[in-house]
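**Student:** For reference, this is coords_29.csv, and it has CSV, C-alpha atoms and all ligand atoms.
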chain,number,residue,atom,x,y,z
A,32,MET,CA,-19.0,-62.7,58.6
A,33,LYS,CA,-15.3,-62.8,58.2
A,34,GLU,CA,-15.6,-60.2,55.6
A,35,ILE,CA,-17.4,-57.9,58.1
A,36,GLU,CA,-14.6,-58.4,60.7
A,37,LYS,CA,-12.0,-57.5,58.1
A,38,VAL,CA,-13.8,-54.3,57.0
A,39,LEU,CA,-14.0,-53.2,60.6
A,40,GLU,CA,-10.3,-53.9,61.2
A,41,SER,CA,-9.2,-52.0,58.1
A,42,PHE,CA,-11.5,-49.2,59.1
A,43,HIS,CA,-9.9,-49.0,62.5
A,44,SER,CA,-6.4,-48.9,61.1
A,45,GLU,CA,-7.3,-46.2,58.6
A,46,ILE,CA,-9.1,-43.9,61.0
A,47,GLU,CA,-6.1,-44.0,63.2
A,48,LYS,CA,-4.1,-42.1,60.6
A,49,VAL,CA,-6.7,-39.4,59.9
A,50,THR,CA,-5.5,-35.9,60.9
A,51,SER,CA,-7.9,-33.5,59.0
A,52,LEU,CA,-11.6,-33.1,58.3
A,53,ASP,CA,-10.9,-33.6,54.6
A,54,GLU,CA,-9.3,-36.9,55.2
A,55,LEU,CA,-12.2,-37.9,57.5
A,56,ASN,CA,-14.7,-37.0,54.8
A,57,ALA,CA,-12.9,-39.1,52.3
A,58,LEU,CA,-12.9,-42.0,54.7
A,59,ARG,CA,-16.6,-41.7,55.3
A,60,VAL,CA,-17.3,-41.8,51.5
A,61,LYS,CA,-14.9,-44.7,51.1
A,62,TYR,CA,-16.9,-46.8,53.6
A,63,LEU,CA,-20.4,-45.5,53.8
A,64,GLY,CA,-20.8,-43.8,50.4
A,65,LYS,CA,-23.1,-45.1,47.7
A,66,LYS,CA,-20.3,-47.1,46.2
A,67,GLY,CA,-18.6,-47.5,49.6
A,68,ILE,CA,-17.2,-50.7,51.1
A,69,VAL,CA,-20.1,-51.2,53.6
A,70,THR,CA,-22.8,-50.5,51.0
A,71,SER,CA,-21.3,-53.1,48.7
A,72,LEU,CA,-21.2,-55.7,51.6
A,73,MET,CA,-25.0,-55.4,51.6
A,74,LYS,CA,-25.0,-56.5,48.0
A,75,ASN,CA,-23.7,-59.9,49.1
A,76,LEU,CA,-27.0,-60.5,50.9
A,77,LYS,CA,-28.7,-61.9,47.9
A,78,ASN,CA,-26.1,-64.7,47.5
A,79,LEU,CA,-26.7,-66.1,51.1
A,80,PRO,CA,-29.1,-68.8,52.1
A,81,ASN,CA,-32.3,-67.4,53.5
A,82,GLU,CA,-31.7,-68.3,57.1
A,83,GLU,CA,-28.4,-66.5,57.2
A,84,LYS,CA,-29.8,-63.3,55.6
A,85,PRO,CA,-31.3,-61.6,58.8
A,86,ILE,CA,-28.1,-62.2,60.8
A,87,PHE,CA,-25.9,-61.0,58.1
A,88,GLY,CA,-28.1,-57.9,57.6
A,89,GLN,CA,-28.0,-57.2,61.3
A,90,ARG,CA,-24.2,-57.4,61.4
A,91,VAL,CA,-23.7,-55.1,58.5
A,92,ASN,CA,-26.1,-52.6,60.1
A,93,LYS,CA,-24.2,-52.8,63.3
A,94,LEU,CA,-21.0,-52.4,61.4
A,95,LYS,CA,-22.5,-49.3,59.8
A,96,ASN,CA,-23.5,-47.9,63.2
A,97,THR,CA,-20.1,-48.6,64.7
A,98,ILE,CA,-18.4,-46.8,61.8
A,99,GLU,CA,-20.7,-43.9,62.0
A,100,GLU,CA,-20.1,-43.6,65.8
A,101,LEU,CA,-16.3,-43.8,65.3
A,102,LEU,CA,-16.4,-41.2,62.5
A,103,SER,CA,-18.4,-38.7,64.6
A,104,ARG,CA,-16.1,-39.2,67.6
A,105,LYS,CA,-13.1,-38.7,65.3
A,106,ARG,CA,-14.8,-35.6,63.9
A,107,GLU,CA,-15.0,-34.0,67.3
A,108,GLU,CA,-11.4,-34.8,68.0
A,109,VAL,CA,-10.1,-33.4,64.7
A,110,ASN,CA,-12.3,-30.3,65.0
A,111,LEU,CA,-10.9,-29.6,68.4
A,112,LYS,CA,-7.3,-30.0,67.1
A,113,GLU,CA,-7.9,-27.8,64.1
A,114,ARG,CA,-9.5,-25.1,66.2
A,115,LYS,CA,-6.6,-25.2,68.7
A,116,LEU,CA,-4.1,-24.8,65.8
A,117,ARG,CA,-6.1,-21.9,64.4
A,118,TYR,CA,-6.2,-20.2,67.8
A,119,GLU,CA,-2.4,-20.7,68.1
A,120,LYS,CA,-1.9,-19.0,64.7
A,121,GLU,CA,-4.2,-16.1,65.5
A,122,ARG,CA,-2.9,-15.6,68.9
A,123,LEU,CA,-2.7,-12.0,70.0
A,124,ASP,CA,-0.5,-10.7,72.8
A,125,VAL,CA,-2.5,-7.8,74.2
A,126,THR,CA,0.4,-6.9,76.5
A,127,LEU,CA,2.7,-6.0,73.6
A,128,PRO,CA,3.3,-2.3,73.2
A,129,GLY,CA,1.2,-0.9,70.3
A,130,ALA,CA,2.8,0.1,66.9
A,131,ARG,CA,3.1,3.8,67.2
A,132,LYS,CA,1.5,5.8,64.4
A,133,THR,CA,3.8,8.6,63.3
A,134,ILE,CA,2.2,12.0,63.1
A,135,GLY,CA,3.4,14.6,60.7
A,136,HIS,CA,5.2,17.8,61.3
A,137,ARG,CA,4.3,21.4,60.6
A,138,HIS,CA,5.7,22.3,57.2
A,139,LEU,CA,8.6,24.9,57.1
A,140,ILE,CA,6.6,27.0,54.7
A,141,SER,CA,3.7,27.2,57.1
A,142,LYS,CA,6.1,28.1,59.9
A,143,VAL,CA,7.8,30.9,57.9
A,144,LEU,CA,4.5,32.2,56.6
A,145,GLN,CA,3.3,32.5,60.2
A,146,GLU,CA,6.5,34.4,61.1
A,147,ILE,CA,6.1,36.8,58.3
A,148,GLU,CA,2.4,37.4,59.1
A,149,ASP,CA,3.3,37.9,62.8
A,150,VAL,CA,5.6,40.8,61.9
A,151,PHE,CA,3.0,42.6,59.9
A,152,LEU,CA,0.1,41.8,62.3
A,153,THR,CA,2.2,43.5,65.0
A,154,LEU,CA,2.4,46.6,62.8
A,155,GLY,CA,-1.4,46.6,62.4
A,156,TYR,CA,-1.8,45.1,59.0
A,157,GLU,CA,-4.8,43.1,58.0
A,158,ILE,CA,-4.6,39.7,56.2
A,159,VAL,CA,-6.5,39.5,52.9
A,160,GLU,CA,-6.8,36.6,50.5
A,161,GLY,CA,-7.7,36.4,46.8
A,162,PRO,CA,-8.4,33.8,44.2
A,163,GLU,CA,-5.7,31.6,42.7
A,164,VAL,CA,-7.6,31.4,39.4
A,165,GLU,CA,-7.4,35.0,38.2
A,166,THR,CA,-8.3,37.0,35.2
A,167,GLU,CA,-5.8,38.7,32.9
A,168,TYR,CA,-7.3,41.9,34.0
A,169,TYR,CA,-6.4,41.6,37.7
A,170,ASN,CA,-3.1,39.8,37.1
A,171,PHE,CA,-1.8,42.1,34.4
A,172,ASP,CA,-4.0,44.9,33.0
A,173,ALA,CA,-5.0,46.6,36.2
A,174,LEU,CA,-1.4,46.4,37.4
A,175,ASN,CA,-0.3,48.6,34.5
A,176,THR,CA,1.5,45.6,32.8
A,177,PRO,CA,1.7,46.3,29.1
A,178,GLU,CA,0.6,43.8,26.4
A,179,TRP,CA,4.2,43.1,25.4
A,180,HIS,CA,5.5,42.4,29.0
A,181,PRO,CA,7.4,39.1,29.1
A,182,ALA,CA,5.5,37.9,32.2
A,183,ARG,CA,2.4,37.7,30.0
A,184,ASP,CA,4.1,35.1,27.7
A,185,SER,CA,2.5,31.7,27.8
A,186,HIS,CA,6.0,30.4,28.5
A,187,ASP,CA,5.9,32.0,31.9
A,188,THR,CA,2.2,32.0,32.9
A,189,PHE,CA,-0.3,29.1,33.1
A,190,TYR,CA,-3.3,30.2,31.0
A,191,ILE,CA,-6.5,28.4,31.6
A,192,SER,CA,-8.8,29.9,29.0
A,193,THR,CA,-7.8,32.5,26.4
A,194,GLU,CA,-11.6,32.9,25.7
A,195,ASP,CA,-12.5,34.3,29.1
A,196,LYS,CA,-9.0,35.3,29.8
A,197,THR,CA,-8.4,33.3,32.9
A,198,LEU,CA,-5.1,32.1,34.3
A,199,LEU,CA,-3.4,30.8,37.4
A,200,ARG,CA,-2.2,34.0,39.1
A,201,SER,CA,1.6,34.5,38.6
A,202,HIS,CA,1.8,36.8,41.7
A,203,THR,CA,-0.2,37.9,44.7
A,204,SER,CA,-0.3,41.5,43.4
A,205,PRO,CA,-3.9,41.2,41.9
A,206,VAL,CA,-5.1,41.1,45.5
A,207,GLN,CA,-3.9,44.7,45.8
A,208,VAL,CA,-6.3,45.7,43.0
A,209,ARG,CA,-9.2,43.6,44.3
A,210,THR,CA,-8.8,45.2,47.8
A,211,MET,CA,-8.5,48.8,46.5
A,212,LYS,CA,-11.6,48.4,44.3
A,213,LYS,CA,-13.6,47.2,47.3
A,214,THR,CA,-12.2,49.5,50.0
A,215,LYS,CA,-11.6,53.2,50.5
A,216,PRO,CA,-8.1,54.3,51.8
A,217,PRO,CA,-6.3,54.2,54.1
A,218,ILE,CA,-5.3,50.6,53.6
A,219,LYS,CA,-2.7,48.4,55.3
A,220,ILE,CA,-2.9,44.8,54.1
A,221,ILE,CA,-0.8,41.8,53.4
A,222,ALA,CA,-2.0,39.1,51.0
A,223,PRO,CA,-0.4,35.7,51.4
A,224,GLY,CA,-1.0,32.8,49.1
A,225,LYS,CA,0.0,30.4,46.3
A,226,VAL,CA,1.2,31.6,42.9
A,227,TYR,CA,2.1,29.7,39.7
A,228,ARG,CA,4.8,30.0,37.1
A,229,LYS,CA,6.3,27.8,34.4
A,230,ASP,CA,9.6,27.3,36.2
A,231,TYR,CA,11.4,24.4,37.8
A,232,ASP,CA,15.0,24.2,39.1
A,233,VAL,CA,16.9,24.5,42.5
A,234,THR,CA,15.5,27.9,43.1
A,235,HIS,CA,12.1,27.9,41.3
A,236,LEU,CA,8.9,25.9,41.6
A,237,PRO,CA,5.8,25.9,39.4
A,238,MET,CA,3.8,26.6,42.5
A,239,PHE,CA,5.1,28.6,45.3
A,240,HIS,CA,4.0,31.1,48.0
A,241,GLN,CA,4.2,34.9,48.1
A,242,VAL,CA,3.2,37.6,50.5
A,243,GLU,CA,2.1,40.8,49.0
A,244,GLY,CA,2.0,44.0,51.0
A,245,LEU,CA,0.1,47.3,50.4
A,246,VAL,CA,-0.1,50.5,52.3
A,247,VAL,CA,-2.1,53.5,51.0
A,248,GLY,CA,-2.6,56.7,52.9
A,249,LYS,CA,-1.9,60.4,53.0
A,250,ASP,CA,1.8,61.3,52.4
A,251,ILE,CA,3.1,57.8,52.4
A,252,SER,CA,6.7,57.9,51.1
A,253,VAL,CA,9.7,55.8,50.4
A,254,VAL,CA,10.8,56.5,54.0
A,255,HIS,CA,7.8,54.5,55.2
A,256,LEU,CA,8.6,51.7,52.8
A,257,LYS,CA,12.3,51.6,53.9
A,258,GLY,CA,11.4,51.8,57.6
A,259,THR,CA,8.8,49.0,57.3
A,260,LEU,CA,10.9,46.6,55.3
A,261,ASP,CA,14.0,47.2,57.5
A,262,TYR,CA,11.9,46.4,60.5
A,263,PHE,CA,10.6,43.3,58.8
A,264,ALA,CA,14.1,42.1,57.8
A,265,LYS,CA,15.5,42.6,61.3
A,266,ASN,CA,12.6,40.7,62.8
A,267,ILE,CA,12.9,37.8,60.5
A,268,PHE,CA,16.6,37.5,60.1
A,269,GLY,CA,18.0,39.2,63.2
A,270,PRO,CA,18.6,42.7,64.6
A,271,GLU,CA,22.1,42.9,63.3
A,272,ARG,CA,21.1,42.7,59.7
A,273,LYS,CA,21.0,45.7,57.4
A,274,THR,CA,18.8,46.4,54.4
A,275,ARG,CA,19.3,48.3,51.2
A,276,LEU,CA,17.1,49.4,48.3
A,277,VAL,CA,18.4,49.0,44.8
A,278,PRO,CA,16.6,50.7,41.9
A,279,SER,CA,14.6,48.3,39.7
A,280,PHE,CA,11.5,48.1,37.6
A,281,PHE,CA,8.0,46.8,38.1
A,282,PRO,CA,5.0,48.0,36.0
A,283,PHE,CA,2.9,48.6,39.0
A,284,THR,CA,5.3,50.7,41.1
A,285,GLU,CA,7.3,53.9,40.4
A,286,PRO,CA,10.0,54.1,41.6
A,287,SER,CA,10.6,50.4,42.0
A,288,PHE,CA,13.2,48.6,44.1
A,289,GLU,CA,14.8,45.4,44.9
A,290,VAL,CA,15.2,45.0,48.6
A,291,TYR,CA,18.4,43.4,49.9
A,292,VAL,CA,19.4,42.1,53.3
A,293,SER,CA,23.0,41.9,54.5
A,294,CYS,CA,24.4,38.3,54.3
A,295,GLY,CA,24.1,36.5,57.6
A,296,ILE,CA,27.0,34.2,56.9
A,297,CYS,CA,29.7,36.7,56.2
A,298,GLY,CA,28.1,39.7,57.9
A,299,GLY,CA,28.2,41.7,54.6
A,300,LYS,CA,31.9,41.1,53.8
A,301,GLY,CA,31.2,38.8,50.9
A,302,CYS,CA,31.2,35.0,50.7
A,303,LYS,CA,30.1,32.1,48.6
A,304,SER,CA,26.5,32.3,50.0
A,305,CYS,CA,26.0,35.9,48.8
A,306,GLY,CA,27.9,35.6,45.6
A,307,PHE,CA,30.7,37.7,47.2
A,308,THR,CA,28.4,40.8,47.2
A,309,GLY,CA,27.6,40.8,50.9
A,310,TRP,CA,23.9,41.2,50.1
A,311,LEU,CA,20.9,38.9,49.4
A,312,GLU,CA,17.8,39.9,47.5
A,313,ILE,CA,14.6,39.3,49.6
A,314,MET,CA,11.8,41.0,47.7
A,315,GLY,CA,10.5,43.5,45.2
A,316,ALA,CA,8.9,46.8,46.3
A,317,GLY,CA,8.1,50.3,45.2
A,318,MET,CA,5.7,53.2,45.4
A,319,VAL,CA,2.3,52.4,43.9
A,320,ASP,CA,2.2,53.7,40.3
A,321,PRO,CA,-0.4,56.5,39.7
A,322,ASN,CA,-1.8,54.4,36.8
A,323,VAL,CA,-2.8,51.7,39.3
A,324,PHE,CA,-4.5,54.2,41.5
A,325,GLU,CA,-6.4,55.6,38.6
A,326,GLU,CA,-7.5,52.1,37.5
A,327,VAL,CA,-9.1,51.4,40.9
A,328,GLY,CA,-10.6,54.9,41.2
A,329,TYR,CA,-8.3,56.5,43.7
A,330,ASP,CA,-7.1,60.1,43.1
A,331,PRO,CA,-3.3,59.9,42.8
A,332,GLU,CA,-3.0,63.5,43.8
A,333,GLU,CA,-4.7,62.7,47.1
A,334,TRP,CA,-3.3,59.2,47.9
A,335,THR,CA,0.1,57.7,47.8
A,336,GLY,CA,1.3,54.2,48.9
A,337,PHE,CA,3.9,51.6,48.8
A,338,ALA,CA,3.8,47.9,48.0
A,339,PHE,CA,6.0,44.9,48.2
A,340,GLY,CA,6.0,41.3,47.3
A,341,MET,CA,8.2,38.4,48.5
A,342,GLY,CA,8.6,34.7,48.0
A,343,VAL,CA,8.0,32.7,51.1
A,344,GLU,CA,10.2,29.8,49.9
A,345,ARG,CA,13.0,32.2,49.2
A,346,ILE,CA,12.7,33.8,52.7
A,347,ALA,CA,12.7,30.3,54.2
A,348,MET,CA,15.7,29.2,52.2
A,349,LEU,CA,17.7,32.2,53.3
A,350,LYS,CA,16.7,32.1,57.0
A,351,TYR,CA,17.1,28.3,57.4
A,352,ASN,CA,19.9,27.6,54.9
A,353,VAL,CA,17.9,25.3,52.6
A,354,ASP,CA,19.8,25.0,49.4
A,355,ASP,CA,17.2,23.2,47.2
A,356,ILE,CA,13.7,24.6,46.9
A,357,ARG,CA,12.5,21.2,45.7
A,358,LEU,CA,12.8,19.9,49.3
A,359,PHE,CA,9.6,21.8,50.1
A,360,PRO,CA,7.1,19.9,48.0
A,361,ARG,CA,8.9,16.6,48.7
A,362,ASN,CA,7.4,16.6,52.2
A,363,ASP,CA,10.0,14.3,53.6
A,364,ILE,CA,9.3,14.1,57.4
A,365,ARG,CA,13.1,13.9,58.1
A,366,PHE,CA,13.5,17.3,56.4
A,367,LEU,CA,10.5,18.9,58.0
A,368,GLU,CA,11.3,17.7,61.5
A,369,GLN,CA,14.5,19.7,61.5
A,370,PHE,CA,12.5,23.0,61.9
B,1,LIG,N1,4.6,40.9,42.0
B,1,LIG,C1,6.1,40.9,42.0
B,1,LIG,C2,6.6,39.6,41.6
B,1,LIG,O1,5.9,38.6,41.7
B,1,LIG,C3,6.7,41.3,43.3
B,1,LIG,C4,6.4,42.7,43.7
B,1,LIG,C5,7.3,43.6,43.4
B,1,LIG,C6,5.2,43.0,44.4
B,1,LIG,C7,7.0,45.0,43.7
B,1,LIG,C8,4.9,44.3,44.7
B,1,LIG,C9,5.9,45.3,44.3
B,1,LIG,O2,3.8,44.7,45.3
B,1,LIG,O3,5.6,46.6,44.7
B,1,LIG,O4,7.7,39.4,41.1
When written as structure tokens, how does the structure in this file appear?
**Tutor:**
Amino acid sequence: MKEIEKVLESFHSEIEKVTSLDELNALRVKYLGKKGIVTSLMKNLKNLPNEEKPIFGQRVNKLKNTIEELLSRKREEVNLKERKLRYEKERLDVTLPGARKTIGHRHLISKVLQEIEDVFLTLGYEIVEGPEVETEYYNFDALNTPEWHPARDSHDTFYISTEDKTLLRSHTSPVQVRTMKKTKPPIKIIAPGKVYRKDYDVTHLPMFHQVEGLVVGKDISVVHLKGTLDYFAKNIFGPERKTRLVPSFFPFTEPSFEVYVSCGICGGKGCKSCGFTGWLEIMGAGMVDPNVFEEVGYDPEEWTGFAFGMGVERIAMLKYNVDDIRLFPRNDIRFLEQF
């Protein structure tokens, strides 16, 4: 009987110290488990005189019930404490201001492209698009570009398949050909889009944007070209800017020009920005070559036209004083937010 008292006492002092469900389980096993203290008390039964057996049995059973009762009470207590702790940890202050999600910013190239399109839309041009995966025929052959032309070199152009002569277009000029083959003149279109070349430095990207322009009609002359591009430059860069045509060469135009705008920083006097020339090149242009007209089935005696092509990144750099073209694909919001 003494033994039973002792067991209960030691149980009391042990359960006092319990703080977690794990400890509580361990304690239950220690006392009530198959090899537990209470269970082994029962084994003493056989050593007792017969008349003491029932009393001892009752006591041990009572002890077992008491321990079970205490364990389940403790279990509730520990459960409650653990839950409180968890709630404290998971506490959510719904009155705190939310973490603001930053939204992006329109890309400078999108903005400048829109500005360019707006100028020509005002003049009644239509916007046309063409595929970025082109054929050699549209990208070079139909544009009167000879087999030996350096632009055809695989060092400059991304070829996809030499078998079916596909490539990533290196300029937007193939859209001219596609449009003329589909439509009868007169034509007044611009063709914006992505183009690809094997180039990468502060002024060149392997993927960039161009806007192509094409006007075909009766008696279209260099005067129309010059007037249109001067109007364009004044609208994009400012009314005080001047333009100038410099003879050049493109296979698909004759004559061909490089178009220059007066430097906005020195006003044309010459400075570091314009290489001390007073002028900045903004695009290529020219009168559509009769060979191109013949290729698309237009009579060069009846129709004339002018065309031009500009790089959107270049226009953006000149207008907004961006000195490294690689800032555009980097997409840093701190850069984009400045425009
Ligand atoms: N396709 C030329 C280039 O990528 C730009 C160009 C020059 C387009 C003259 C034209 C043009 O339509 O007439 O360098």
**Student:** Would you name the residues within 7 Å of ligand LIG 1 (chain B), counting all atoms listed in the file, and put them as JSON, numbers by chain?
**Tutor:** {"A": [201, 202, 203, 204, 243, 244, 245, 281, 283, 284, 287, 314, 315, 316, 317, 318, 319, 337, 338, 339, 340, 341]}
**Student:** Using all atoms listed in the file, which of A:Glu271, A:Glu119, A:Glu34, A:Asp230 sits nearest Leu72 of chain A?
**Tutor:**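 Looking at the shortest contact to Leu72 of chain A, the residue is A:Glu34.
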**Student:** Tell me, as an MDAnalysis selection string, which residues lie within 8 Å of segment 49-66 of chain A, counting only C-alpha atoms; anything in the same chain fewer than 4 positions away does not count.
**Tutor:** chainID A and resid 45 70:71 95 102 105:106 109:110 113
**Student:** Generate the output file for the selected residues, C-alpha atoms, as an mmCIF file, in the coordinates of the input.
**Tutor:**
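Printed below is part10.cif as written:
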data_model
loop_
_atom_site.group_PDB
_atom_site.id
_atom_site.type_symbol
_atom_site.label_atom_id
_atom_site.label_comp_id
_atom_site.auth_asym_id
_atom_site.auth_seq_id
_atom_site.Cartn_x
_atom_site.Cartn_y
_atom_site.Cartn_z
ATOM 1 C CA GLU A 45 -7.300 -46.200 58.600
ATOM 2 C CA THR A 70 -22.800 -50.500 51.000
ATOM 3 C CA SER A 71 -21.300 -53.100 48.700
ATOM 4 C CA LYS A 95 -22.500 -49.300 59.800
ATOM 5 C CA LEU A 102 -16.400 -41.200 62.500
ATOM 6 C CA LYS A 105 -13.100 -38.700 65.300
ATOM 7 C CA ARG A 106 -14.800 -35.600 63.900
ATOM 8 C CA VAL A 109 -10.100 -33.400 64.700
ATOM 9 C CA ASN A 110 -12.300 -30.300 65.000
ATOM 10 C CA GLU A 113 -7.900 -27.800 64.100
#
**Student:** Please measure the separation of atom CA of Leu276 of chain A and atom CA of Cys294 of chain A, giving the value in Å to one decimal.
**Tutor:** 14.6 Å
**Student:** Restrict the calculation to all atoms listed in the file, then for each residue of segment 310-354 of chain A with any atom at most 7 Å from an atom of segment 152-176 of chain A give the closest atom pair and their distance in Å to one decimal, rows by chain and rising residue number, as JSON lines.
**Tutor:**
{"residue": "A:Asn322", "atom": "CA", "partner": "A:Asn175", "partner_atom": "CA", "distance": 6.4}
{"residue": "A:Val323", "atom": "CA", "partner": "A:Leu174", "partner_atom": "CA", "distance": 5.8}
{"residue": "A:Glu326", "atom": "CA", "partner": "A:Ala173", "partner_atom": "CA", "distance": 6.2}
**Student:** For Arg345 of chain A, which residue out of A:Val327, A:Pro321, A:Ile140, A:Lys132 is the nearest one, using all atoms listed in the file?
**Tutor:**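 Between A:Val327, A:Pro321, A:Ile140, A:Lys132, the residue approaching Arg345 of chain A most closely is A:Ile140.
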